[in-house]
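Beneath this line is the structure, given in C-alpha cells, with notes to follow.
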Amino acid sequence: MTEIVMDQTPPILQGPSDKERKYDRQLRLWAASGQAALESANILLVNSGAGTVGVETLKNLILPGIGRFVIHDNALVDEADLGVNFFLDDSCYGKPRAQCLASLLGELNPEVDGDWSPKTKNDTLGSLLKKSPLFTAIMYTYPINHVELESLEQYSKEHKTPLIAIHSTGFYSYFTIRLPGTFPIVDTHPDETATTDLRLLSPWPELVEFAKTMTKDIDSLDNFEHGHLPYVVILLHYLDKWKATHNGTYPSTYKEKTEFRQLVRDAARTDNPEGGEENFDEAAAAVLKTVAPFSLPSGLKEVFEYEHKGPIQERSTFWIIADAVKAFYTNHGSLPLPGNVPDMKAQSKVYVQLQNIYKAKARKDAAEVLQTAQAIAGTGRKVDPAEVDLFCKNAAFVKLINVEGGGDTAPLGSKERLQQVLRQEMANDQVAEMTLQPMSLFPTYLALRGLAHCGNASSDKTQIVEAVKSLLSDNLSSEEYGDLNEKLGNVAEDLARAEYGELHNISALTGGMVAQEMIKIITKQYIPIDNTCVFDGIRSRTQVFHV
C-alpha cells in the first residue's frame, strides 16, 4: 500500500494591523490600554484671545488619536489670526474661527471626530455643555469670559472632569491642571531597575530551598557551575554564613555591608581561564542595593494614610485595592512581591527556575490581595484581577496627585495659598542669589495671573502689578510688597508690551507640554505635574508650583 504524504500548509502569520503600524511608537509608551483610553476621550477646548496655544495643545492630542474634540470659539478670523495661527489660511478670513480650526485640525487624523461651536447665535457654552456627550477633559485659554469660566467650573465639579487653564502671552506662559479631587496613578512607569525586589533579607521557603540546593556543595562545584551560580543564590548563601558569625543578624551599617561585600568578592575563583567570575562581581555590586531592610515608600504611605471622605460604595476600585494591600502589609510587614528578576549570569534553565519561583510568589501574593479586596468590596461588586496585578506590581511607586495639604497648608486656589508659596519662593530666592542659582518663576506666574485678572489687552505695567496685589490681598508686609514689585516689574512690562498677543513658537512649545500632561491624565499612566507649570521663553526655563 502506497503511503501518501501531504504537505502541511503553514499557518498564516498575522502582521501588525494598520492602526498598530500607525501608532507603533506611542503604543510602546502607553500600550494598548493607554491607546484605548485616548480613543475614548472626548475633549473640549474653549478658545479665546489670540487662540493659538489651545489649538497647539489640541493638535498634539489629535495626532496620537483622541476619540473626539469640540472647539468653542466666538471669534471670527481676522488678520492677526492669520499671522500667528498655523491652522488658519487666507480663505478663513471673516469666517468663524472655531469652524476653520476644526476643519483643518481634523485633516491631521481622519480617525478623530471633530466639531465646533457656536453654529448659531443661540449656541452658548452652557447649551453645548448640556447637549454634548460627557467630556473627558476641558481646556480653556485666557482671557476668558467670567460667565463662561463659572459654567466650566460648575461642570467640572458636577461631572468630576479635569479642567486645564492655559495662558500664553509674549515670551511667557503657564498652565494649571485642576483635577476632580485626589487623583491616584498606579502605572507610573518607574525605571525597571528600581522595581527589583529580591527579598534577600526575608526569603520565602521555596527560594531558600532553591538556594540551599544550588550551594550545598559550593566548594566542590566545577568552574563552569561555580561561575554560573545566579547572584541571588550567592548572596543568600553568604548571608547565611554572615548570620552564623554575627549573632543571627544581617549586615545593616555601611561598614558591615562593605565587609560583607568583601566576603563575597573573596569567594570568587581566580584560577579559572577568565581570572575571575562575573557572577560574583554582580553579587558584590548588588550588596548595597539589595541587602537592605524594607521601608514603606513615602508615596504608598500617603495612600495608606489618606482619609476617605465617602462610604465604601462610592469609592473607586483603586481605594478598595489600596485597602487590601494595606491589610497585606499589616499582616506580612512587606508589600506584595512584584515578581520580576533582573538579568544576571546564569545557566538558562537555572535562570528560568529562579524566574518561576519569583513569579509563583508574586501570583500567590496577588491572589491574597484579590481575595481581601473582594471581601472589602462585598457582594455585587467585582474587582478586576488585572487591576490587582498591576497595583501589586507597582505598589512601591503608586502616586497621589492633587492631595490637599494638612496642618498649616492653605487650600489650593486660595489667596492664602498664593501668599504661602510666594513667601517660600522669596525665601528660596535669597539662597539662590547667594549660590548663583536661577531665581524663582513665581513672579512670572503672578504677572500672568494679574494680566488675566485685568482682562484688558491694553493693560499697562502698573495695572498688572496692582492686579497682582489684589489677588494676594493685603496680608503682605510693605517690605514683601517692595521685593515683589521689583521682581514683577520686568515681566509686567513685557506682558503689557505684548498686549495679550501670542508668539507662535512659545505657544507651540507650551501646547506640547500641556498635551503631554493631558495624555498622562487620560491614560492614567506616568506622573502628571501637580499642578501649575510656568515657562519663561527668554531664559528657556520651567518651574512647577502647587497652588
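All residue names refer to the C-alpha cells as shown: chains lettered A, B, ... in order, residues numbered from 1 in each chain, ligands numbered from 1 in order.
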### Message
For the alpha helix (DSSP H) assignment from backbone DSSP, which residues of region 182-369 of chain A qualify? Please present them as a ChimeraX atom specification.
### Response
/A:205-214,223-226,231-245,254-266,278-285,287-290,298-305,317-332,348-369
Suppose we keep C-alpha atoms; can you now write the selection as a short mmCIF file (atom, residue, chain, number, x, y, z; two decimals), in the first residue's frame?
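What follows is the written file out16.cif:
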```cif
data_model
loop_
_atom_site.label_atom_id
_atom_site.label_comp_id
_atom_site.auth_asym_id
_atom_site.auth_seq_id
_atom_site.Cartn_x
_atom_site.Cartn_y
_atom_site.Cartn_z
CA PRO A 205 10.68 28.75 51.83
CA GLU A 206 10.78 27.94 48.10
CA LEU A 207 13.54 30.48 47.46
CA VAL A 208 15.52 29.29 50.49
CA GLU A 209 15.28 25.67 49.35
CA PHE A 210 16.35 26.58 45.80
CA ALA A 211 19.40 28.48 47.05
CA LYS A 212 20.45 25.77 49.50
CA THR A 213 20.17 23.08 46.85
CA MET A 214 22.41 25.01 44.47
CA ASN A 223 34.47 26.12 37.45
CA PHE A 224 31.59 26.27 34.96
CA GLU A 225 28.84 25.64 37.51
CA HIS A 226 30.51 27.84 40.13
CA TYR A 231 23.97 36.17 42.19
CA VAL A 232 20.71 35.87 44.16
CA VAL A 233 21.80 32.39 45.23
CA ILE A 234 25.33 33.60 46.03
CA LEU A 235 24.06 36.41 48.25
CA LEU A 236 21.59 34.18 50.10
CA HIS A 237 24.35 31.62 50.76
CA TYR A 238 26.81 34.15 52.16
CA LEU A 239 24.12 35.97 54.12
CA ASP A 240 23.53 32.70 55.97
CA LYS A 241 27.26 32.45 56.64
CA TRP A 242 27.31 36.05 57.88
CA LYS A 243 24.40 35.42 60.26
CA ALA A 244 26.15 32.37 61.69
CA THR A 245 29.07 34.53 62.81
CA TYR A 254 27.60 50.74 55.74
CA LYS A 255 30.73 49.32 57.38
CA GLU A 256 29.12 45.89 57.80
CA LYS A 257 27.85 45.89 54.23
CA THR A 258 31.32 46.78 52.98
CA GLU A 259 32.74 43.85 54.95
CA PHE A 260 30.06 41.55 53.60
CA ARG A 261 30.72 42.72 50.05
CA GLN A 262 34.42 41.87 50.52
CA LEU A 263 33.41 38.44 51.85
CA VAL A 264 31.53 37.81 48.60
CA ARG A 265 34.41 39.07 46.45
CA ASP A 266 36.92 36.86 48.25
CA GLU A 278 31.35 37.71 36.59
CA ASN A 279 28.52 36.35 38.72
CA PHE A 280 30.41 37.10 41.93
CA ASP A 281 31.17 40.58 40.63
CA GLU A 282 27.41 41.04 40.07
CA ALA A 283 26.70 39.80 43.58
CA ALA A 284 29.21 42.19 45.15
CA ALA A 285 27.83 45.11 43.13
CA VAL A 287 25.02 44.25 48.01
CA LEU A 288 24.31 47.88 48.92
CA LYS A 289 21.09 47.98 46.90
CA THR A 290 19.57 44.58 47.70
CA SER A 298 6.55 57.71 51.02
CA GLY A 299 4.07 57.69 48.11
CA LEU A 300 2.39 54.50 49.31
CA LYS A 301 2.44 55.70 52.91
CA GLU A 302 0.47 58.73 51.74
CA VAL A 303 -2.06 56.37 50.11
CA PHE A 304 -2.39 54.27 53.27
CA GLU A 305 -2.88 57.36 55.46
CA THR A 317 -11.64 50.24 42.82
CA PHE A 318 -8.27 51.88 43.42
CA TRP A 319 -9.09 52.60 47.06
CA ILE A 320 -10.52 49.13 47.62
CA ILE A 321 -7.31 47.53 46.30
CA ALA A 322 -5.24 50.03 48.29
CA ASP A 323 -7.00 48.94 51.49
CA ALA A 324 -6.35 45.30 50.56
CA VAL A 325 -2.64 45.99 50.00
CA LYS A 326 -2.55 47.84 53.32
CA ALA A 327 -4.01 44.76 55.01
CA PHE A 328 -1.34 42.62 53.30
CA TYR A 329 1.37 44.97 54.57
CA THR A 330 -0.05 44.86 58.10
CA ASN A 331 -0.08 41.05 58.09
CA HIS A 332 3.29 40.41 56.43
CA SER A 348 19.33 29.40 31.08
CA LYS A 349 17.45 26.56 32.78
CA VAL A 350 18.55 27.78 36.23
CA TYR A 351 17.54 31.36 35.46
CA VAL A 352 14.10 30.19 34.27
CA GLN A 353 13.70 28.19 37.50
CA LEU A 354 14.56 31.30 39.52
CA GLN A 355 12.10 33.39 37.50
CA ASN A 356 9.35 30.84 38.09
CA ILE A 357 9.96 30.89 41.85
CA TYR A 358 9.58 34.68 41.95
CA LYS A 359 6.57 34.66 39.62
CA ALA A 360 4.82 31.98 41.67
CA LYS A 361 5.32 34.01 44.84
CA ALA A 362 4.04 37.16 43.07
CA ARG A 363 0.91 35.30 41.90
CA LYS A 364 0.31 33.97 45.41
CA ASP A 365 0.60 37.45 46.93
CA ALA A 366 -1.67 38.98 44.28
CA ALA A 367 -4.26 36.25 44.88
CA GLU A 368 -4.27 37.08 48.61
CA VAL A 369 -4.72 40.79 47.85
#
```
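Close contacts of His167 (chain A), defined as residues with an atom at most 9 Å away when counting only C-alpha atoms, with chain neighbours fewer than 2 positions off set aside, comprise A:Val53, A:Gly54, A:Tyr140, A:Thr141, A:Tyr142, A:Pro143, A:Ala165, A:Thr169, A:Tyr172, A:Ser173, A:Tyr174, A:Phe175, A:Thr176, A:Leu448, A:Arg449, A:Ala452, A:Ser507.
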At a cut-off of 6 Å, using only C-alpha atoms, what residues contact region 227-230 of chain A? Leave out same-chain residues fewer than 6 positions from it and give the result as an mmCIF file with N, CA and C atoms, in the first residue's frame.
```cif
data_model
loop_
_atom_site.group_PDB
_atom_site.id
_atom_site.type_symbol
_atom_site.label_atom_id
_atom_site.label_comp_id
_atom_site.auth_asym_id
_atom_site.auth_seq_id
_atom_site.Cartn_x
_atom_site.Cartn_y
_atom_site.Cartn_z
ATOM 1 N N GLU A 277 35.260 35.761 38.259
ATOM 2 C CA GLU A 277 33.911 35.275 37.992
ATOM 3 C C GLU A 277 32.937 36.449 37.952
ATOM 4 N N LYS A 345 24.173 36.616 35.235
ATOM 5 C CA LYS A 345 24.874 35.497 34.628
ATOM 6 C C LYS A 345 24.412 34.211 35.282
ATOM 7 N N ALA A 346 23.888 33.292 34.488
ATOM 8 C CA ALA A 346 23.392 32.018 34.995
ATOM 9 C C ALA A 346 23.091 31.116 33.803
#
```
### Message
List as a VMD selection string the protein and nucleic acid residues near Pro184 (chain A), meaning an atom at most 7 Å away when only C-alpha atoms are counted, but skip any in the same chain fewer than 2 places from it.
### Response
chain A and resid 182 186 399 to 401
### Query
Do you know which residues are at most 7 Å from region 417-425 of chain A counting only C-alpha atoms, after dropping those on the same chain fewer than 4 positions away, and could you put them as a VMD selection string?
chain A and resid 410 to 413 429 440 442 472 547
